[in-house]
>>> print(open('structure-v5.tsv').read())   # TSV, C-alpha atoms and all ligand atoms
chain	number	residue	atom	x	y	z
A	1	MET	CA	-19.49	-48.57	55.99
A	2	THR	CA	-19.55	-48.36	52.25
A	3	GLU	CA	-17.50	-51.08	50.57
A	4	LEU	CA	-16.00	-48.65	48.15
A	5	ASP	CA	-12.58	-47.12	48.69
A	6	HIS	CA	-12.76	-43.37	48.23
A	7	THR	CA	-11.55	-39.88	48.92
A	8	THR	CA	-13.97	-37.19	50.06
A	9	ARG	CA	-13.18	-33.53	49.69
A	10	PHE	CA	-14.75	-30.99	52.02
A	11	LEU	CA	-14.66	-27.33	52.80
A	12	PHE	CA	-15.34	-25.27	55.90
A	13	ALA	CA	-17.76	-22.68	54.65
A	14	ASP	CA	-16.82	-19.92	57.06
A	15	CYS	CA	-13.07	-20.31	57.31
A	16	ALA	CA	-10.53	-20.65	54.55
A	17	VAL	CA	-9.75	-24.28	55.30
A	18	ARG	CA	-10.30	-27.30	53.13
A	19	GLY	CA	-10.10	-30.97	53.94
A	20	GLU	CA	-9.73	-34.38	52.48
A	21	LEU	CA	-10.78	-37.70	53.97
A	22	THR	CA	-9.52	-40.94	52.45
A	23	GLN	CA	-10.81	-44.37	53.44
A	24	LEU	CA	-9.23	-47.45	51.89
A	25	ASP	CA	-10.26	-51.01	52.43
A	26	ARG	CA	-10.26	-53.31	49.43
A	27	SER	CA	-7.26	-51.67	47.70
A	28	VAL	CA	-5.12	-52.14	50.81
A	29	SER	CA	-6.23	-55.76	51.21
A	30	GLU	CA	-5.40	-56.40	47.57
A	31	VAL	CA	-1.91	-54.93	47.82
A	32	LEU	CA	-1.22	-56.86	51.02
A	33	SER	CA	-2.61	-60.11	49.62
A	34	LYS	CA	-0.26	-60.03	46.62
A	35	HIS	CA	2.83	-60.46	48.71
A	36	HIS	CA	3.66	-61.74	52.16
A	37	TYR	CA	5.02	-58.54	53.65
A	38	PRO	CA	6.44	-58.56	57.19
A	39	SER	CA	3.76	-57.31	59.59
A	40	ALA	CA	5.79	-54.21	60.46
A	41	ILE	CA	5.67	-53.10	56.82
A	42	GLN	CA	1.94	-53.64	56.19
A	43	PRO	CA	0.59	-50.56	58.01
A	44	LEU	CA	3.30	-48.41	56.42
A	45	LEU	CA	2.19	-49.47	52.96
A	46	GLY	CA	-1.40	-48.62	53.88
A	47	GLN	CA	-0.37	-45.19	55.14
A	48	PHE	CA	1.54	-44.49	51.94
A	49	MET	CA	-1.47	-45.51	49.87
A	50	ALA	CA	-3.82	-43.30	51.87
A	51	ALA	CA	-1.40	-40.37	51.60
A	52	ALA	CA	-0.91	-40.82	47.84
A	53	ALA	CA	-4.67	-40.95	47.28
A	54	MET	CA	-5.25	-37.90	49.44
A	55	LEU	CA	-2.51	-35.77	47.85
A	56	SER	CA	-3.52	-36.81	44.37
A	57	ASP	CA	-7.05	-35.61	44.99
A	58	THR	CA	-5.90	-32.39	46.65
A	59	LEU	CA	-3.49	-31.35	43.95
A	60	LYS	CA	-6.11	-31.65	41.21
A	61	PHE	CA	-4.24	-32.70	38.10
A	62	ASP	CA	-4.49	-35.40	35.49
A	63	GLY	CA	-1.65	-37.86	35.78
A	64	THR	CA	0.27	-39.88	38.33
A	65	LEU	CA	1.36	-38.96	41.82
A	66	SER	CA	3.83	-41.13	43.67
A	67	LEU	CA	5.39	-41.10	47.11
A	68	GLN	CA	8.63	-42.97	47.39
A	69	VAL	CA	11.00	-43.43	50.29
A	70	ARG	CA	14.51	-44.77	49.98
A	71	GLY	CA	16.16	-45.41	53.29
A	72	SER	CA	19.06	-47.09	55.00
A	73	GLY	CA	16.87	-49.24	57.26
A	74	GLN	CA	15.23	-52.64	56.87
A	75	VAL	CA	13.02	-51.34	54.06
A	76	ARG	CA	15.07	-50.17	51.11
A	77	THR	CA	12.21	-48.74	49.07
A	78	LEU	CA	8.59	-48.10	49.83
A	79	MET	CA	6.32	-46.48	47.34
A	80	ALA	CA	2.68	-45.82	46.62
A	81	GLU	CA	1.27	-44.45	43.43
A	82	CYS	CA	-2.11	-42.97	42.57
A	83	ARG	CA	-2.94	-42.62	38.91
A	84	ASP	CA	-5.52	-40.18	37.57
A	85	ASN	CA	-6.88	-39.81	41.12
A	86	ARG	CA	-8.30	-43.31	41.19
A	87	ALA	CA	-5.95	-46.24	40.53
A	88	LEU	CA	-3.71	-47.14	43.45
A	89	ARG	CA	-0.75	-49.48	43.77
A	90	ALA	CA	2.10	-49.81	46.25
A	91	LEU	CA	5.20	-51.86	46.95
A	92	ALA	CA	7.95	-52.33	49.49
A	93	GLN	CA	11.40	-53.79	48.91
A	94	TYR	CA	13.15	-54.88	52.05
A	95	ASN	CA	16.15	-56.80	53.32
A	96	ASP	CA	16.04	-60.59	52.96
A	97	ASP	CA	16.87	-60.90	56.64
A	98	PHE	CA	14.20	-58.39	57.64
A	99	ASP	CA	14.37	-57.66	61.34
A	100	ASP	CA	11.69	-55.40	62.78
A	101	ARG	CA	13.93	-54.52	65.73
A	102	GLY	CA	16.13	-52.50	63.39
A	103	PRO	CA	15.03	-49.11	62.04
A	104	ILE	CA	12.35	-49.79	59.42
A	105	LEU	CA	13.19	-46.93	57.07
A	106	GLY	CA	16.26	-45.41	58.69
A	107	GLU	CA	17.80	-42.32	57.17
A	108	GLY	CA	17.08	-41.42	53.60
A	109	GLN	CA	14.77	-39.34	51.55
A	110	MET	CA	11.23	-39.19	50.39
A	111	ALA	CA	10.29	-38.02	46.93
A	112	ILE	CA	6.90	-36.72	45.92
A	113	THR	CA	6.64	-37.01	42.16
A	114	ILE	CA	3.87	-35.61	40.03
A	115	GLU	CA	3.72	-36.65	36.41
A	116	PRO	CA	0.93	-34.84	34.66
A	117	LYS	CA	-0.33	-36.29	31.39
A	118	GLN	CA	0.59	-32.98	29.89
A	119	GLY	CA	3.28	-30.64	31.07
A	120	GLN	CA	6.33	-30.81	33.26
A	121	ARG	CA	7.17	-33.58	35.71
A	122	TYR	CA	7.60	-32.22	39.21
A	123	GLN	CA	9.56	-33.74	42.04
A	124	GLY	CA	9.90	-32.55	45.62
A	125	VAL	CA	12.42	-34.27	47.88
A	126	VAL	CA	12.38	-34.30	51.67
A	127	ALA	CA	15.19	-35.70	53.82
A	128	ILE	CA	14.24	-38.22	56.47
A	129	ASN	CA	16.66	-38.60	59.32
A	130	ASP	CA	14.36	-39.87	61.96
A	131	THR	CA	14.34	-43.58	62.63
A	132	ASP	CA	10.80	-43.12	63.91
A	133	LEU	CA	9.31	-41.83	60.69
A	134	SER	CA	5.90	-40.32	60.82
A	135	LEU	CA	4.81	-40.02	57.21
A	136	ALA	CA	2.16	-37.50	58.22
A	137	GLN	CA	4.83	-35.25	59.76
A	138	VAL	CA	7.12	-35.54	56.74
A	139	LEU	CA	4.29	-34.48	54.45
A	140	GLU	CA	3.25	-31.61	56.71
A	141	ASP	CA	6.83	-30.35	56.67
A	142	TYR	CA	6.90	-30.68	52.91
A	143	PHE	CA	3.80	-28.51	52.50
A	144	GLN	CA	5.08	-25.99	55.01
A	145	GLN	CA	8.57	-25.69	53.55
A	146	SER	CA	8.02	-26.19	49.83
A	147	GLU	CA	4.55	-24.80	49.37
A	148	GLN	CA	4.17	-22.53	52.42
A	149	ILE	CA	0.74	-24.04	53.02
A	150	ARG	CA	-0.33	-24.76	56.54
A	151	THR	CA	-1.31	-28.43	56.61
A	152	ARG	CA	-2.13	-31.11	59.15
A	153	ILE	CA	-2.35	-34.77	58.27
A	154	TRP	CA	-3.52	-37.78	60.27
A	155	LEU	CA	-2.86	-41.26	58.88
A	156	PHE	CA	-4.28	-44.54	60.12
A	157	ALA	CA	-3.53	-48.07	59.01
A	158	ASP	CA	-3.77	-51.62	60.20
A	159	GLN	CA	-3.29	-55.01	58.48
A	160	HIS	CA	-6.41	-54.53	56.32
A	161	LYS	CA	-7.38	-50.89	56.04
A	162	ALA	CA	-5.90	-47.43	55.79
A	163	ALA	CA	-7.27	-43.93	56.12
A	164	GLY	CA	-6.15	-40.35	56.13
A	165	LEU	CA	-7.49	-36.97	57.13
A	166	MET	CA	-5.95	-33.76	55.96
A	167	LEU	CA	-6.78	-30.15	56.74
A	168	GLN	CA	-5.16	-27.40	54.79
A	169	ALA	CA	-5.35	-23.64	54.96
A	170	MET	CA	-6.42	-22.39	51.57
A	171	PRO	CA	-4.16	-20.00	49.78
A	172	GLN	CA	-5.92	-16.63	49.82
A	173	SER	CA	-6.22	-16.63	46.05
A	174	ALA	CA	-8.06	-19.97	46.19
A	175	SER	CA	-10.84	-18.69	48.41
A	176	GLU	CA	-12.46	-16.81	45.57
A	177	GLY	CA	-15.09	-14.36	46.63
A	178	ASP	CA	-14.05	-14.67	50.26
A	179	LEU	CA	-10.97	-12.52	50.10
A	180	ASP	CA	-11.85	-10.76	53.33
A	181	ILE	CA	-11.41	-13.98	55.34
A	182	PRO	CA	-8.35	-13.49	57.52
A	183	ASP	CA	-5.80	-16.23	58.05
A	184	ASP	CA	-7.52	-17.11	61.25
A	185	ASP	CA	-5.39	-18.78	63.91
A	186	GLU	CA	-8.35	-19.28	66.17
A	187	ASN	CA	-10.36	-21.14	63.53
A	188	TRP	CA	-7.33	-23.21	62.63
A	189	SER	CA	-6.62	-24.19	66.24
A	190	ARG	CA	-10.25	-25.14	66.85
A	191	LEU	CA	-10.40	-27.32	63.72
A	192	MET	CA	-7.09	-28.99	64.64
A	193	LEU	CA	-8.40	-29.79	68.08
A	194	LEU	CA	-11.60	-31.29	66.68
A	195	ALA	CA	-9.80	-33.27	63.96
A	196	SER	CA	-7.28	-34.72	66.38
A	197	THR	CA	-10.06	-36.53	68.25
A	198	LEU	CA	-10.57	-38.86	65.25
A	199	LYS	CA	-10.16	-42.49	66.32
A	200	PRO	CA	-9.13	-45.43	64.12
A	201	GLU	CA	-12.36	-47.31	64.86
A	202	GLU	CA	-14.37	-44.32	63.58
A	203	VAL	CA	-12.42	-43.76	60.38
A	204	PHE	CA	-12.31	-47.50	59.65
A	205	GLY	CA	-15.91	-48.25	60.57
A	206	LEU	CA	-18.06	-45.27	59.55
A	207	ASP	CA	-18.82	-43.62	56.23
A	208	ALA	CA	-17.23	-40.28	55.38
A	209	GLN	CA	-20.32	-38.23	56.07
A	210	THR	CA	-20.73	-39.71	59.56
A	211	VAL	CA	-17.03	-39.32	60.36
A	212	LEU	CA	-17.06	-35.66	59.36
A	213	HIS	CA	-20.33	-35.01	61.15
A	214	ARG	CA	-18.95	-36.50	64.37
A	215	LEU	CA	-15.82	-34.37	64.16
A	216	PHE	CA	-17.23	-31.09	62.92
A	217	HIS	CA	-20.96	-31.02	63.65
A	218	GLU	CA	-20.77	-27.49	64.95
A	219	GLU	CA	-19.03	-26.23	61.83
A	220	GLN	CA	-20.45	-25.37	58.44
A	221	VAL	CA	-18.98	-28.17	56.33
A	222	ARG	CA	-19.58	-28.44	52.61
A	223	LEU	CA	-19.05	-31.98	51.38
A	224	TYR	CA	-18.23	-32.98	47.82
A	225	PRO	CA	-19.31	-36.36	46.45
A	226	PRO	CA	-16.90	-39.18	47.38
A	227	ARG	CA	-14.57	-40.21	44.57
A	228	PRO	CA	-13.91	-43.94	44.27
A	229	LEU	CA	-10.47	-45.53	44.16
A	230	GLU	CA	-9.29	-49.05	43.50
A	231	PHE	CA	-6.18	-51.15	43.27
A	232	GLU	CA	-4.94	-51.39	39.72
A	233	CYS	CA	-1.57	-52.23	38.24
A	234	THR	CA	-0.26	-50.86	34.97
A	235	CYS	CA	2.00	-53.81	34.19
A	236	SER	CA	1.42	-55.80	31.00
A	237	ALA	CA	3.13	-58.30	28.73
A	238	GLY	CA	3.85	-55.42	26.34
A	239	ARG	CA	5.62	-53.32	28.98
A	240	SER	CA	7.59	-56.34	30.19
A	241	GLY	CA	8.60	-57.02	26.60
A	242	ASN	CA	9.82	-53.43	26.28
A	243	ALA	CA	11.97	-53.96	29.37
A	244	ILE	CA	13.61	-56.93	27.66
A	245	VAL	CA	14.14	-54.90	24.49
A	246	THR	CA	16.06	-52.30	26.48
A	247	LEU	CA	18.57	-55.03	27.43
A	248	GLY	CA	19.56	-55.21	23.76
A	249	ALA	CA	19.34	-58.25	21.48
A	250	THR	CA	22.74	-59.73	22.32
A	251	GLU	CA	22.25	-59.71	26.06
A	252	ALA	CA	18.60	-60.79	25.97
A	253	LEU	CA	19.27	-63.70	23.60
A	254	ALA	CA	22.27	-64.81	25.68
A	255	LEU	CA	20.08	-64.72	28.78
A	256	VAL	CA	17.29	-66.76	27.25
A	257	GLU	CA	19.87	-69.20	25.87
A	258	GLU	CA	21.29	-69.67	29.35
A	259	LEU	CA	18.04	-69.85	31.34
A	260	GLY	CA	15.59	-71.22	28.78
A	261	HIS	CA	13.27	-68.26	29.41
A	262	ILE	CA	13.26	-64.74	30.83
A	263	ASP	CA	10.87	-64.04	33.69
A	264	ILE	CA	9.68	-60.55	34.49
A	265	ASP	CA	7.96	-60.29	37.86
A	266	CYS	CA	5.90	-57.20	38.52
A	267	GLN	CA	7.00	-55.78	41.86
A	268	PHE	CA	3.58	-54.25	42.47
A	269	CYS	CA	1.12	-57.04	41.74
A	270	HIS	CA	3.53	-59.99	41.44
A	271	GLU	CA	2.16	-60.97	38.07
A	272	ARG	CA	4.77	-63.06	36.26
A	273	TYR	CA	5.47	-62.62	32.56
A	274	VAL	CA	7.45	-65.46	30.96
A	275	PHE	CA	9.28	-65.00	27.65
A	276	LYS	CA	10.64	-68.08	25.90
A	277	ALA	CA	13.37	-68.01	23.26
A	278	ASP	CA	10.87	-67.59	20.41
A	279	ASP	CA	9.09	-64.77	22.27
A	280	VAL	CA	12.38	-62.96	22.80
A	281	ARG	CA	13.37	-63.32	19.13
A	282	GLN	CA	9.95	-62.02	18.17
A	283	LEU	CA	10.39	-58.98	20.44
A	284	PHE	CA	13.53	-58.00	18.61
A	285	SER	CA	12.17	-58.62	15.15
A	286	ALA	CA	9.11	-56.57	16.11
A	287	SER	CA	11.22	-53.74	17.49
A	288	ALA	CA	13.44	-53.86	14.36
A	289	ASP	CA	10.27	-53.46	12.28
A	290	ASP	CA	9.31	-50.50	14.43
A	291	THR	CA	12.67	-48.90	13.77
A	292	LEU	CA	12.32	-49.42	10.04
A	293	ASN	CA	8.91	-47.80	10.03
A	301	ZN	ZN	1.69	-55.41	38.06
>>> encode(input="structure-v5.tsv", output="structure tokens")
Amino acid sequence: MTELDHTTRFLFADCAVRGELTQLDRSVSEVLSKHHYPSAIQPLLGQFMAAAAMLSDTLKFDGTLSLQVRGSGQVRTLMAECRDNRALRALAQYNDDFDDRGPILGEGQMAITIEPKQGQRYQGVVAINDTDLSLAQVLEDYFQQSEQIRTRIWLFADQHKAAGLMLQAMPQSASEGDLDIPDDDENWSRLMLLASTLKPEEVFGLDAQTVLHRLFHEEQVRLYPPRPLEFECTCSAGRSGNAIVTLGATEALALVEELGHIDIDCQFCHERYVFKADDVRQLFSASADDTLN
């Protein structure tokens, strides 16, 4: 299997159905190596990453897509983010006394947020009231209810890897030149049946072309070149400094006086940014200069 993490877009030439296959390896390992997550959370994080990568590639836009769940269970927040279709990061915040016998996510809601570089931010929210959350099911419902697009999603994850397969009926307007293709239930059912035979060992161990050939070798499948993805965090000393500036000078200086320094820990990559008293004073003199300019 190729080392690279990637999404692969494909199209069934003779039915109005498109697909997306995401295979993640190194990015998942990197996220999981940054923090000692309870083992019950690890596959969930992988699934969220695979889903964010897949949706980001499907929705074709320039910007950031994030999936975030807030629940009443052992995990308070779980989120994955895919930026510009290629940079992935994810985090989970959970109870200190994490107990995997309790509901992991519990009741709550999932938000799908799309922040294009240009244009309006979009957010779709789906309620989750099932203690046995299947992320794939939640996303399918989202597409069905909010977008009226018939969609099936399969997600796979273990302690090291994650993968996702998605099939989606194309809106009639999207199948340019093929407007006479009917919304074909028979085609859809056949493709669903074939796709549902995908096994974790195949999607984790074989390259995209082989996986798709095994599933759909009797179909006319048009494959697009795989698009690489990697773990990347957007945190920086500058952004952490801005967070301190938003506290206001009085509070920030009181804090640094009391503690000797202010630490900002990135929740995604666990990089630690330390600001001493001089650094904090500098932040405020710099931001005062900004205001004057
Ligand atoms: Zn970071």
>>> residues_near_ligand(input="structure-v5.tsv", ligand="ligand ZN 301 (chain A)", cutoff="9 Å", atoms="only C-alpha atoms and all ligand atoms", output="JSON, numbers by chain")
{"A": [89, 232, 233, 234, 235, 236, 265, 266, 267, 268, 269, 270, 271, 272]}
>>> write_last_selection(input="structure-v5.tsv", atoms="C-alpha atoms", output="compact mmCIF listing (two decimals), in the coordinates of the input")
# COMPACT_ATOMS: atom_id res chain seq x y z
CA ARG A 89 -0.75 -49.48 43.77
CA GLU A 232 -4.94 -51.39 39.72
CA CYS A 233 -1.57 -52.23 38.24
CA THR A 234 -0.26 -50.86 34.97
CA CYS A 235 2.00 -53.81 34.19
CA SER A 236 1.42 -55.80 31.00
CA ASP A 265 7.96 -60.29 37.86
CA CYS A 266 5.90 -57.20 38.52
CA GLN A 267 7.00 -55.78 41.86
CA PHE A 268 3.58 -54.25 42.47
CA CYS A 269 1.12 -57.04 41.74
CA HIS A 270 3.53 -59.99 41.44
CA GLU A 271 2.16 -60.97 38.07
CA ARG A 272 4.77 -63.06 36.26
>>> closest_residue(input="structure-v5.tsv", among="A:Ala237, A:Leu223, A:Ala163, A:Ala277", to="Val256 in chain A", atoms="only C-alpha atoms")
A:Ala277
>>> closest_atom_pairs(input="structure-v5.tsv", of="range 197-237 of chain A", to="range 56-61 of chain A", cutoff="12 Å", atoms="only C-alpha atoms", output="CSV")
residue,atom,partner,partner_atom,distance
A:Tyr224,CA,A:Asp57,CA,11.8
A:Pro226,CA,A:Asp57,CA,10.7
A:Arg227,CA,A:Asp57,CA,8.8
A:Pro228,CA,A:Asp57,CA,10.8
A:Leu229,CA,A:Asp57,CA,10.5
>>> atom_distance(input="structure-v5.tsv", atom1="CA of His6 in chain A", atom2="CA of Gln137 in chain A")
22.5 Å
>>> residues_around(input="structure-v5.tsv", residues="range 200-208 of chain A", least_positions_apart="5", cutoff="12 Å", atoms="only C-alpha atoms", output="mmCIF file with C-alpha atoms, in the frame of the given file")
data_model
loop_
_atom_site.group_PDB
_atom_site.id
_atom_site.type_symbol
_atom_site.label_atom_id
_atom_site.label_comp_id
_atom_site.auth_asym_id
_atom_site.auth_seq_id
_atom_site.Cartn_x
_atom_site.Cartn_y
_atom_site.Cartn_z
ATOM 1 C CA MET A 1 -19.490 -48.570 55.990
ATOM 2 C CA THR A 2 -19.550 -48.360 52.250
ATOM 3 C CA GLU A 3 -17.500 -51.080 50.570
ATOM 4 C CA LEU A 4 -16.000 -48.650 48.150
ATOM 5 C CA ASP A 5 -12.580 -47.120 48.690
ATOM 6 C CA HIS A 6 -12.760 -43.370 48.230
ATOM 7 C CA THR A 7 -11.550 -39.880 48.920
ATOM 8 C CA THR A 8 -13.970 -37.190 50.060
ATOM 9 C CA ARG A 9 -13.180 -33.530 49.690
ATOM 10 C CA PHE A 10 -14.750 -30.990 52.020
ATOM 11 C CA GLY A 19 -10.100 -30.970 53.940
ATOM 12 C CA GLU A 20 -9.730 -34.380 52.480
ATOM 13 C CA LEU A 21 -10.780 -37.700 53.970
ATOM 14 C CA THR A 22 -9.520 -40.940 52.450
ATOM 15 C CA GLN A 23 -10.810 -44.370 53.440
ATOM 16 C CA LEU A 24 -9.230 -47.450 51.890
ATOM 17 C CA ASP A 25 -10.260 -51.010 52.430
ATOM 18 C CA ARG A 26 -10.260 -53.310 49.430
ATOM 19 C CA TRP A 154 -3.520 -37.780 60.270
ATOM 20 C CA LEU A 155 -2.860 -41.260 58.880
ATOM 21 C CA PHE A 156 -4.280 -44.540 60.120
ATOM 22 C CA ALA A 157 -3.530 -48.070 59.010
ATOM 23 C CA ASP A 158 -3.770 -51.620 60.200
ATOM 24 C CA GLN A 159 -3.290 -55.010 58.480
ATOM 25 C CA HIS A 160 -6.410 -54.530 56.320
ATOM 26 C CA LYS A 161 -7.380 -50.890 56.040
ATOM 27 C CA ALA A 162 -5.900 -47.430 55.790
ATOM 28 C CA ALA A 163 -7.270 -43.930 56.120
ATOM 29 C CA GLY A 164 -6.150 -40.350 56.130
ATOM 30 C CA LEU A 165 -7.490 -36.970 57.130
ATOM 31 C CA ALA A 195 -9.800 -33.270 63.960
ATOM 32 C CA HIS A 213 -20.330 -35.010 61.150
ATOM 33 C CA ARG A 214 -18.950 -36.500 64.370
ATOM 34 C CA LEU A 215 -15.820 -34.370 64.160
ATOM 35 C CA PHE A 216 -17.230 -31.090 62.920
ATOM 36 C CA LEU A 223 -19.050 -31.980 51.380
ATOM 37 C CA TYR A 224 -18.230 -32.980 47.820
ATOM 38 C CA PRO A 225 -19.310 -36.360 46.450
ATOM 39 C CA PRO A 226 -16.900 -39.180 47.380
ATOM 40 C CA ARG A 227 -14.570 -40.210 44.570
#
>>> closest_residue(input="structure-v5.tsv", among="A:Glu230, A:Ile104, A:Arg150, A:Asp62", to="Gln74 in chain A", atoms="all atoms listed in the file")
A:Ile104
>>> atom_distance(input="structure-v5.tsv", atom1="CA of Phe98 in chain A", atom2="CA of Gly73 in chain A")
9.5 Å
>>> atom_distance(input="structure-v5.tsv", atom1="CA of Ser29 in chain A", atom2="CA of Leu44 in chain A")
13.1 Å
>>> residues_around(input="structure-v5.tsv", residues="Arg18 in chain A", least_positions_apart="5", cutoff="6 Å", atoms="all atoms listed in the file", output="compact mmCIF listing (two decimals) with C-alpha atoms, in the frame of the given file")
# COMPACT_ATOMS: atom_id res chain seq x y z
CA PHE A 10 -14.75 -30.99 52.02
CA LEU A 11 -14.66 -27.33 52.80
CA LEU A 167 -6.78 -30.15 56.74
CA GLN A 168 -5.16 -27.40 54.79
>>> closest_residue(input="structure-v5.tsv", among="A:Gly71, A:Val221, A:Leu283, A:Cys15", to="Arg239 in chain A", atoms="all atoms listed in the file")
A:Leu283
